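J.: Just target_10.txt, nothing more (compact mmCIF, C-alpha atoms):
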# COMPACT_ATOMS: atom_id res chain seq x y z
CA MET A 868 107.26 110.93 106.92
CA ASN A 869 106.51 109.11 103.67
CA ASN A 870 105.48 111.64 101.01
CA ASP A 871 104.84 109.26 98.11
CA PRO A 872 101.05 109.11 97.56
CA MET A 873 101.06 105.53 96.25
CA SER A 874 103.17 104.31 99.14
CA GLN A 875 100.96 106.17 101.61
CA THR A 876 97.87 104.54 100.12
CA ARG A 877 99.39 101.08 100.31
CA GLU A 878 100.54 101.68 103.89
CA ALA A 879 96.97 102.56 104.88
CA ARG A 880 95.54 99.56 103.02
CA CYS A 881 98.03 97.22 104.71
CA LEU A 882 97.03 98.59 108.10
CA LEU A 883 93.37 97.96 107.33
CA ARG A 884 94.19 94.40 106.23
CA ALA A 885 96.13 93.70 109.43
CA HIS A 886 93.12 93.90 111.76
CA ARG A 887 89.84 92.01 112.10
CA TYR A 888 87.67 94.25 114.30
CA GLY A 889 86.75 97.89 114.23
CA VAL A 890 84.20 100.44 115.32
CA LEU A 891 81.44 100.64 112.72
CA SER A 892 79.59 103.96 112.78
CA THR A 893 76.15 104.17 111.19
CA LEU A 894 73.39 106.78 111.10
CA SER A 895 70.64 105.83 113.52
CA LYS A 896 67.23 105.20 112.02
CA LYS A 897 65.67 105.18 115.48
CA PHE A 898 67.29 108.44 116.62
CA ASP A 899 66.94 110.51 113.46
CA GLY A 900 70.47 110.17 112.09
CA HIS A 901 72.37 110.39 115.35
CA PRO A 902 75.76 108.62 115.03
CA PHE A 903 75.64 105.04 116.31
CA GLY A 904 78.83 103.08 116.97
CA SER A 905 79.21 99.32 117.31
CA ILE A 906 82.06 96.82 117.38
CA ALA A 907 82.07 94.76 114.19
CA PRO A 908 84.29 92.03 112.76
CA TYR A 909 85.39 92.75 109.20
CA LEU A 910 87.54 91.27 106.48
CA THR A 911 89.41 93.32 103.90
CA ASP A 912 88.67 91.86 100.48
CA HIS A 913 91.29 91.36 97.77
CA ASP A 914 90.66 94.79 96.30
CA GLY A 915 90.86 96.68 99.61
CA SER A 916 87.12 97.07 100.18
CA VAL A 917 85.62 95.94 103.51
CA LEU A 918 83.35 92.93 103.99
CA LEU A 919 80.89 92.67 106.87
CA PHE A 920 78.78 89.64 107.82
CA ILE A 921 75.95 91.04 109.90
CA SER A 922 72.51 90.15 111.17
CA GLY A 923 69.35 91.78 109.92
CA LEU A 924 68.29 92.08 113.56
CA ALA A 925 71.32 94.20 114.49
CA GLU A 926 70.82 97.89 115.02
CA HIS A 927 73.66 98.80 112.67
CA THR A 928 72.13 96.69 109.87
CA LYS A 929 68.78 98.46 110.23
CA ASN A 930 70.64 101.76 110.07
CA ILE A 931 72.57 100.74 106.93
CA LEU A 932 69.43 99.64 105.12
CA ASN A 933 67.92 103.02 105.93
CA ASP A 934 71.03 105.05 105.04
CA PRO A 935 74.13 103.28 103.67
CA ARG A 936 76.62 105.98 104.71
CA VAL A 937 79.05 104.53 107.24
CA SER A 938 82.57 104.76 108.57
CA LEU A 939 84.80 102.13 110.15
CA ILE A 940 87.90 102.80 112.24
CA THR A 941 90.45 100.20 113.25
CA HIS A 942 93.72 100.15 115.15
CA ASP A 943 95.98 97.64 116.91
CA GLN A 944 93.97 96.64 119.96
CA ASN A 945 97.07 95.12 121.56
CA ASP A 946 99.05 98.36 121.43
CA PRO A 947 98.52 100.64 124.48
CA ARG A 948 99.74 103.73 122.60
CA ILE A 949 96.28 104.63 121.40
CA GLN A 950 96.99 108.22 120.37
CA THR A 951 100.36 107.67 118.70
CA GLN A 952 99.92 104.33 116.94
CA GLY A 953 98.74 103.90 113.36
CA ARG A 954 95.02 103.78 112.63
CA VAL A 955 92.76 104.03 109.63
CA THR A 956 89.17 105.20 109.12
CA VAL A 957 87.23 104.12 106.04
CA VAL A 958 84.39 106.39 104.92
CA GLY A 959 81.97 104.97 102.37
CA LYS A 960 78.67 103.27 101.72
CA ALA A 961 77.73 99.78 102.91
CA GLU A 962 75.79 97.84 100.28
CA PRO A 963 74.24 94.35 100.66
CA LEU A 964 75.79 91.60 98.54
CA THR A 965 73.80 88.95 96.73
CA GLY A 966 74.31 85.47 98.16
CA ARG A 967 76.86 84.09 100.59
CA GLU A 968 78.67 81.54 98.45
CA PRO A 969 81.29 83.84 96.84
CA TYR A 970 82.46 85.07 100.26
CA ALA A 971 81.69 82.31 102.77
CA ALA A 972 84.80 80.13 102.44
CA ARG A 973 87.22 83.04 102.82
CA TRP A 974 85.26 84.53 105.72
CA LEU A 975 85.23 81.23 107.60
CA ARG A 976 88.97 80.79 107.22
CA TYR A 977 89.38 83.99 109.24
CA PHE A 978 86.32 83.58 111.47
CA PRO A 979 85.73 79.83 111.95
CA GLU A 980 83.69 80.63 115.06
CA ASN A 981 81.06 82.13 112.75
CA ALA A 982 80.18 78.77 111.16
CA GLN A 983 76.97 78.47 113.15
CA LEU A 984 75.84 81.91 111.95
CA PHE A 985 75.55 80.54 108.44
CA GLU A 986 72.74 78.33 109.70
CA LEU A 987 70.75 81.46 110.52
CA GLY A 988 68.78 83.02 107.72
CA ASP A 989 69.15 86.64 108.78
CA PHE A 990 72.94 87.03 108.37
CA ALA A 991 74.17 88.53 105.12
CA PHE A 992 77.31 90.01 103.60
CA PHE A 993 77.71 93.73 103.06
CA ARG A 994 80.55 95.56 101.33
CA ILE A 995 81.90 98.97 102.32
CA THR A 996 83.40 100.57 99.24
CA PRO A 997 85.84 103.24 100.46
CA GLN A 998 85.13 106.74 99.20
CA SER A 999 87.70 108.43 101.44
CA VAL A 1000 90.19 107.05 103.93
CA ARG A 1001 91.73 108.86 106.90
CA HIS A 1002 95.15 107.43 107.71
CA VAL A 1003 97.00 108.37 110.89
CA ALA A 1004 100.48 106.90 110.66
CA GLY A 1005 101.54 108.33 114.04
CA PHE A 1006 101.75 111.62 115.92
CA GLY A 1007 101.58 114.50 113.43
CA GLN A 1008 101.25 112.11 110.49
CA ALA A 1009 97.62 112.29 109.36
CA ARG A 1010 96.40 112.37 105.79
CA TRP A 1011 93.28 111.90 103.70
CA ILE A 1012 93.32 109.38 100.85
CA MET A 1013 90.61 110.46 98.46
CA SER A 1014 91.10 108.08 95.53
CA HIS A 1015 92.77 104.88 94.30
CA PHE A 1016 92.54 103.13 97.68
CA THR A 1017 91.08 99.98 96.15
CA VAL A 1018 92.96 98.09 93.46
CA PRO A 1019 91.69 96.74 90.12
CA PRO A 1020 91.20 92.96 89.63
CA TYR A 1021 94.34 90.83 89.49
CA PRO A 1022 94.88 87.08 88.83
CA LEU A 1023 95.70 86.15 92.44
CA MET A 1024 92.08 86.81 93.41
CA ALA A 1025 91.02 83.66 91.55
CA GLN A 1026 94.22 81.74 92.32
CA GLU A 1027 94.12 82.17 96.10
CA GLU A 1028 92.51 78.87 97.13
CA ASP A 1029 94.83 76.72 94.99
CA LEU A 1030 97.85 78.59 96.29
CA LEU A 1031 96.69 78.17 99.89
CA ALA A 1032 96.32 74.42 99.37
CA GLN A 1033 99.87 74.29 98.03
CA LEU A 1034 101.38 76.35 100.84
CA ASN A 1035 99.44 74.63 103.61
CA ALA A 1036 100.61 71.19 102.54
CA SER A 1037 103.46 69.66 104.55
CA PRO A 1038 106.29 70.59 105.11
CA GLN A 1039 105.27 74.28 104.77
CA ASN A 1040 108.84 75.42 104.24
CA GLU A 1041 107.87 78.84 102.89
CA LEU A 1042 105.61 79.66 105.84
CA ARG A 1043 108.09 78.43 108.45
CA ARG A 1044 110.81 80.52 106.85
CA CYS A 1045 108.62 83.61 107.16
CA LEU A 1046 108.05 82.94 110.86
CA GLN A 1047 111.79 82.42 111.40
CA LEU A 1048 112.44 85.89 109.97
CA ARG A 1049 110.44 87.22 112.93
CA GLY A 1050 112.16 84.93 115.38
CA LEU A 1051 109.01 82.83 115.75
CA SER A 1052 108.05 79.19 115.40
CA ALA A 1053 104.78 77.29 115.61
CA GLU A 1054 103.60 73.70 115.74
CA GLN A 1055 100.25 74.41 114.08
CA LEU A 1056 100.66 76.62 111.04
CA ARG A 1057 98.19 77.55 108.32
CA MET A 1058 97.93 80.33 105.77
CA LEU A 1059 94.48 81.90 105.94
CA GLY A 1060 94.57 84.20 102.96
CA ILE A 1061 96.83 85.97 100.51
CA ASP A 1062 96.32 89.18 98.56
CA CYS A 1063 98.33 91.63 96.50
CA ASP A 1064 99.74 93.31 99.63
CA GLY A 1065 100.64 90.31 101.78
CA PHE A 1066 99.29 87.27 103.57
CA ASP A 1067 97.82 86.12 106.87
CA VAL A 1068 98.95 83.11 108.88
CA ALA A 1069 97.40 81.33 111.86
CA ALA A 1070 100.28 80.17 114.06
CA ASP A 1071 99.24 78.15 117.10
CA GLY A 1072 95.96 80.08 117.21
CA ARG A 1073 97.52 83.52 116.77
CA MET A 1074 96.97 85.44 113.55
CA LEU A 1075 100.03 87.08 112.01
CA ARG A 1076 100.08 89.50 109.10
CA PHE A 1077 103.02 89.61 106.69
CA ASP A 1078 103.26 92.44 104.14
CA PHE A 1079 105.10 91.99 100.87
CA ALA A 1080 107.85 94.48 100.12
CA GLU A 1081 106.09 95.20 96.81
CA PRO A 1082 102.59 94.32 95.58
CA VAL A 1083 102.15 90.99 93.79
CA ALA A 1084 99.65 90.08 91.08
CA ASP A 1085 99.64 86.31 90.63
CA THR A 1086 100.80 82.96 92.02
CA ASP A 1087 104.30 83.15 90.58
CA SER A 1088 105.03 86.63 91.92
CA ALA A 1089 103.49 85.69 95.28
CA LEU A 1090 105.70 82.60 95.63
CA ALA A 1091 108.76 84.70 94.77
CA ALA A 1092 107.79 87.34 97.35
CA LEU A 1093 107.17 84.81 100.12
CA SER A 1094 110.90 84.45 100.61
CA HIS A 1095 111.23 88.19 101.34
CA PRO A 1096 108.19 89.53 103.24
CA ASP A 1097 108.48 93.12 104.47
CA GLU A 1098 109.39 93.07 108.16
CA GLU A 1099 109.28 96.79 108.83
When written as structure tokens, how does the structure in this file appear?

T.:
Amino acid sequence: MNNDPMSQTREARCLLRAHRYGVLSTLSKKFDGHPFGSIAPYLTDHDGSVLLFISGLAEHTKNILNDPRVSLITHDQNDPRIQTQGRVTVVGKAEPLTGREPYAARWLRYFPENAQLFELGDFAFFRITPQSVRHVAGFGQARWIMSHFTVPPYPLMAQEEDLLAQLNASPQNELRRCLQLRGLSAEQLRMLGIDCDGFDVAADGRMLRFDFAEPVADTDSALAALSHPDEE
């Protein structure tokens, strides 16, 4: 069991980044604070906070606007070992964000099927800022992370789109090398996003997450790390 607090925090953050759907629990306005669970797509932002793109008509949105306290749990939906696999629960407050423009392009790279939702006026972005995180790494390996889950600003946040354009240009040698390390190949290959902890690739319609062995801060360190993604 990993006993280093910083490594434990990063392990939990990487697990949160690896998934795209979770159970969002809100406090019901209609039923006087009774817990209300719903399946929600989410995207982990560069800093480790959670972005939601939700409708004002949805029950969970009404609940959030009444009481912002929420939690979101996620796990590998393709792994049948529900009780022994890793999972993470984020506890925090969901706050509405002003405007769509700063978040739309990144969201649509991960959720292109949501493009039509941007034509509807009632969808908006919300951010869950983690206050506490419950990380279950496996059987008998549960811990609370009470601070320092999110990371301070770093240059790659602003450099992401230019770096994606560079890496997605033919012949994509760096990305294909990363797939080969997993014994994989793909005809259609595109990097969706990159952050301090790793990067996400769409390979023939399947999304793959690659974690860096160590955190990166900018384009140069990211390019250097791309040759040695963490495969554990």

J.: I'd like the interatomic distance between CA of Gly889 in chain A and CA of Gly953 in chain A, to a tenth of an Å.

T.: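 Between CA of Gly889 in chain A and CA of Gly953 in chain A the gap is 13.4 Å.
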
J.: Rounded to one decimal place, report the CA of Gly1072 in chain A-CA of Arg1044 in chain A distance in Å.

T.: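 CA of Arg1044 in chain A lies 18.1 Å from CA of Gly1072 in chain A.
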
J.: Between CA of Phe993 in chain A and CA of Leu918 in chain A, measure the distance and give it in Å to one decimal.

T.: 5.8 Å

J.: Check the smallest atom-to-atom distance from each of A:Phe1077, A:Phe920, A:Phe990, A:Phe978 to Arg1049 in chain A using all atoms listed in the file, then report the winner.

T.: A:Phe1077

J.: Using the file's own x, y and z axes, so that the box edges lie along x, y and z, what centre and edge lengths in Å (one decimal) does a box around every listed atom of range 948-958 of chain A get when 4 Å is added on each side? Give it as AutoDock Vina command-line options.

T.:
--center_x 92.4 --center_y 106.0 --center_z 113.8 --size_x 24.0 --size_y 12.5 --size_z 25.7
